[in-house]
Amino acid sequence: MKKTLTIAKTELRNLFYSPVAWFLTIAFMVQCAIFFTKPLQMISKYQDLAQRNNPLFKDFGQSLTKLLFLEKDGIFSNVLENLFLFVPLLTMGLISREVNTGTVKLLYSSPVKLRQIVFGKYIAIMLYNLVLLCVLGVFMITGSASIVSADAGILLSSALGFYLLMCAYTAIGMFMSSLTNYQIVSAVASFTVVFVLSHIGGLWQRYDFIRDLTYFLSITGRTTKMLRGLVTTSDLVYFFVIVGMFLVVT
């Protein structure tokens with residue numbers, strides 16, 4: 001376990017030595033800011049107009065937490081739809097970089113097992129995913145401060161869904177990185193697989209068999225439940241199986 005954590009620490013340090021991690025973090029922060037301020041401005045505008053026209057106005061009759069975070073223009077919905085743009089850049093060099101630089105020979109000749117290398121690198125990516133979750137958490141806290149009696153349960157379940165989905169996508173990207181020595185090929189393959197898994201849940205829904213099959217294959221469909229505040233053991237096990245499966249084949 002000590003060697004695995006050492007590899008994770010080294011990989012995380014190398015990740016932030018490169019401009020990719022910083023670029024993705026800043027781009028993710030800007031994206032979250034846009035998707036957060038746009039609905040917040042609209043809600044504030046409508047609330048101001050309603051109070052001017054009706055002195056007895058109290059609320060919109062629906063959850064502001066849902067309007068701000070979970071609706072079509074909300075921060076969670078848009079962030080989850082655009083995750084496939086971040087994953088290929090993040091994972092394209094996890095394994096292939098070691099081969100291209102020749103450091104993989106040092107790893108193979110050292111007293112380190114292959115599973116320790118894979119798990120160490122994935123732990124580093126999980127820690128980076130926590131950084132993105134913290135960025136998202138800043139806007140969650142800001143939104144909670146702007147909403148009276150914010151629904152903390154839905155926000156927490158949505159954050160859990162985001163983190164599990166990000167971990168599943170990065171596990172897939174890590175596997176794609178192990179298949180080729182070329183980072184661009186790995187990025188394209190990761191983008192293709194993640195894009196298909198993100199949108200397959202909406203294809204051919206008029207056929208019962210295909211609808212059941214696409215629901216099982218759709219990863220974002222599992223996260224949709226968590227955006228509504230529903231966390232089930234079957235969905236948690238599904239994410240754990242997906243992550244474990246791709247780590248094993250890696």
# chains A, B, ... in the order shown; residues from 1 in each chain; ligands from 1
$ residues_around --residues "range 244-246 of chain A" --least-positions-apart "6" --cutoff "12 Å" --atoms "only C-alpha atoms" --output "list in words"
Arg115, Val118, Phe119, Tyr122, Cys167, Ala168, Tyr169, Thr170, Ala171, Ile172, Gly173, Met174, Phe175, Met176, Ser177, Ser178, Leu179, Val237 and Tyr238 of chain A
$ write_last_selection --atoms "N, CA, C and O atoms" --output "compact mmCIF listing (two decimals), in the first residue's frame"
# COMPACT_ATOMS: atom_id res chain seq x y z
N ARG A 115 -0.24 -4.02 -10.62
CA ARG A 115 -1.48 -3.51 -10.02
C ARG A 115 -1.21 -2.30 -9.13
O ARG A 115 -2.06 -1.42 -9.00
N VAL A 118 -1.04 0.69 -11.53
CA VAL A 118 -2.36 1.07 -12.02
C VAL A 118 -3.18 1.73 -10.92
O VAL A 118 -3.76 2.81 -11.11
N PHE A 119 -3.22 1.11 -9.75
CA PHE A 119 -4.00 1.67 -8.65
C PHE A 119 -3.42 3.00 -8.17
O PHE A 119 -4.15 3.92 -7.80
N TYR A 122 -4.46 5.64 -10.58
CA TYR A 122 -5.89 5.93 -10.49
C TYR A 122 -6.22 6.70 -9.21
O TYR A 122 -7.12 7.54 -9.21
N CYS A 167 -15.25 9.55 -11.79
CA CYS A 167 -14.34 8.43 -11.52
C CYS A 167 -14.53 7.32 -12.55
O CYS A 167 -13.56 6.68 -12.98
N ALA A 168 -15.78 7.06 -12.95
CA ALA A 168 -16.04 6.04 -13.96
C ALA A 168 -15.45 6.44 -15.31
O ALA A 168 -14.82 5.63 -16.00
N TYR A 169 -15.63 7.70 -15.68
CA TYR A 169 -15.09 8.17 -16.96
C TYR A 169 -13.56 8.11 -16.98
O TYR A 169 -12.95 7.73 -17.99
N THR A 170 -12.93 8.50 -15.88
CA THR A 170 -11.46 8.49 -15.85
C THR A 170 -10.91 7.06 -15.84
O THR A 170 -9.81 6.82 -16.35
N ALA A 171 -11.65 6.11 -15.27
CA ALA A 171 -11.23 4.71 -15.34
C ALA A 171 -11.26 4.22 -16.78
O ALA A 171 -10.36 3.50 -17.23
N ILE A 172 -12.29 4.62 -17.53
CA ILE A 172 -12.37 4.27 -18.95
C ILE A 172 -11.23 4.92 -19.72
O ILE A 172 -10.59 4.29 -20.57
N GLY A 173 -10.98 6.20 -19.44
CA GLY A 173 -9.89 6.90 -20.12
C GLY A 173 -8.54 6.30 -19.81
O GLY A 173 -7.65 6.24 -20.68
N MET A 174 -8.35 5.82 -18.60
CA MET A 174 -7.08 5.20 -18.23
C MET A 174 -6.88 3.90 -19.01
O MET A 174 -5.76 3.59 -19.45
N PHE A 175 -7.95 3.15 -19.18
CA PHE A 175 -7.85 1.92 -19.97
C PHE A 175 -7.49 2.23 -21.42
O PHE A 175 -6.66 1.55 -22.03
N MET A 176 -8.10 3.27 -21.98
CA MET A 176 -7.79 3.65 -23.36
C MET A 176 -6.34 4.10 -23.50
O MET A 176 -5.70 3.86 -24.53
N SER A 177 -5.82 4.73 -22.46
CA SER A 177 -4.42 5.16 -22.49
C SER A 177 -3.46 3.98 -22.48
O SER A 177 -2.33 4.10 -22.97
N SER A 178 -3.89 2.85 -21.95
CA SER A 178 -3.02 1.66 -21.90
C SER A 178 -3.02 0.89 -23.21
O SER A 178 -2.18 -0.01 -23.38
N LEU A 179 -3.92 1.22 -24.12
CA LEU A 179 -4.04 0.46 -25.37
C LEU A 179 -3.10 0.96 -26.46
O LEU A 179 -2.84 0.24 -27.41
N VAL A 237 -23.30 0.21 -6.70
CA VAL A 237 -22.61 -1.00 -7.12
C VAL A 237 -22.26 -0.94 -8.60
O VAL A 237 -21.19 -1.39 -9.03
N TYR A 238 -23.16 -0.37 -9.41
CA TYR A 238 -22.91 -0.23 -10.85
C TYR A 238 -21.64 0.58 -11.10
O TYR A 238 -20.79 0.17 -11.90
$ select_by_dssp --residues "range 16-242 of chain A" --states "helix (DSSP H, G or I)" --output "ChimeraX atom specification"
/A:16-17,19-53,64-70,75-81,83-85,87-91,96-101,103-109,114-146,152-179,183-202,208-217,219-227,233-242
$ residues_around --residues "range 82-97 of chain A" --least-positions-apart "5" --cutoff "8 Å" --atoms "only C-alpha atoms" --output "number ranges by chain"
A: 20-21, 24, 121, 166, 169-170, 173-174, 176-178, 180-184, 186-188, 190-191, 194-195, 198
$ atom_distance --atom1 "CA of Leu130 in chain A" --atom2 "CA of Asp73 in chain A"
23.7 Å
$ residues_around --residues "Phe35 in chain A" --least-positions-apart "4" --cutoff "9 Å" --atoms "only C-alpha atoms" --output "PyMOL selection string"
chain A and resi 30-31+39-40+69+73-76+78-79
$ closest_residue --among "A:Leu164, A:Leu67, A:Met140, A:Leu114" --to "Phe240 in chain A" --atoms "only C-alpha atoms"
A:Leu164
$ atom_distance --atom1 "CA of Ser77 in chain A" --atom2 "CA of Ala124 in chain A"
26.0 Å
$ closest_residue --among "A:Val243, A:Val131, A:Met226, A:Ile154" --to "Thr25 in chain A" --atoms "only C-alpha atoms"
A:Val131
$ atom_distance --atom1 "CA of Ala8 in chain A" --atom2 "CA of Val193 in chain A"
25.3 Å
$ closest_residue --among "A:Val248, A:Leu236, A:Ile147, A:Ala189" --to "Thr65 in chain A" --atoms "only C-alpha atoms"
A:Ile147
$ residues_around --residues "Leu155 in chain A" --least-positions-apart "3" --cutoff "8 Å" --atoms "only C-alpha atoms" --output "mmCIF file with C-alpha atoms, in the first residue's frame"
data_model
loop_
_atom_site.group_PDB
_atom_site.id
_atom_site.type_symbol
_atom_site.label_atom_id
_atom_site.label_comp_id
_atom_site.auth_asym_id
_atom_site.auth_seq_id
_atom_site.Cartn_x
_atom_site.Cartn_y
_atom_site.Cartn_z
ATOM 1 C CA MET A 140 -23.004 24.865 -4.025
ATOM 2 C CA ASP A 151 -32.285 21.444 -0.121
ATOM 3 C CA ALA A 152 -28.922 20.163 1.104
ATOM 4 C CA SER A 158 -25.909 15.387 -6.924
ATOM 5 C CA ALA A 159 -22.301 15.975 -5.852
ATOM 6 C CA LEU A 227 -29.784 14.560 -9.315
ATOM 7 C CA GLY A 229 -32.032 13.010 -4.542
#
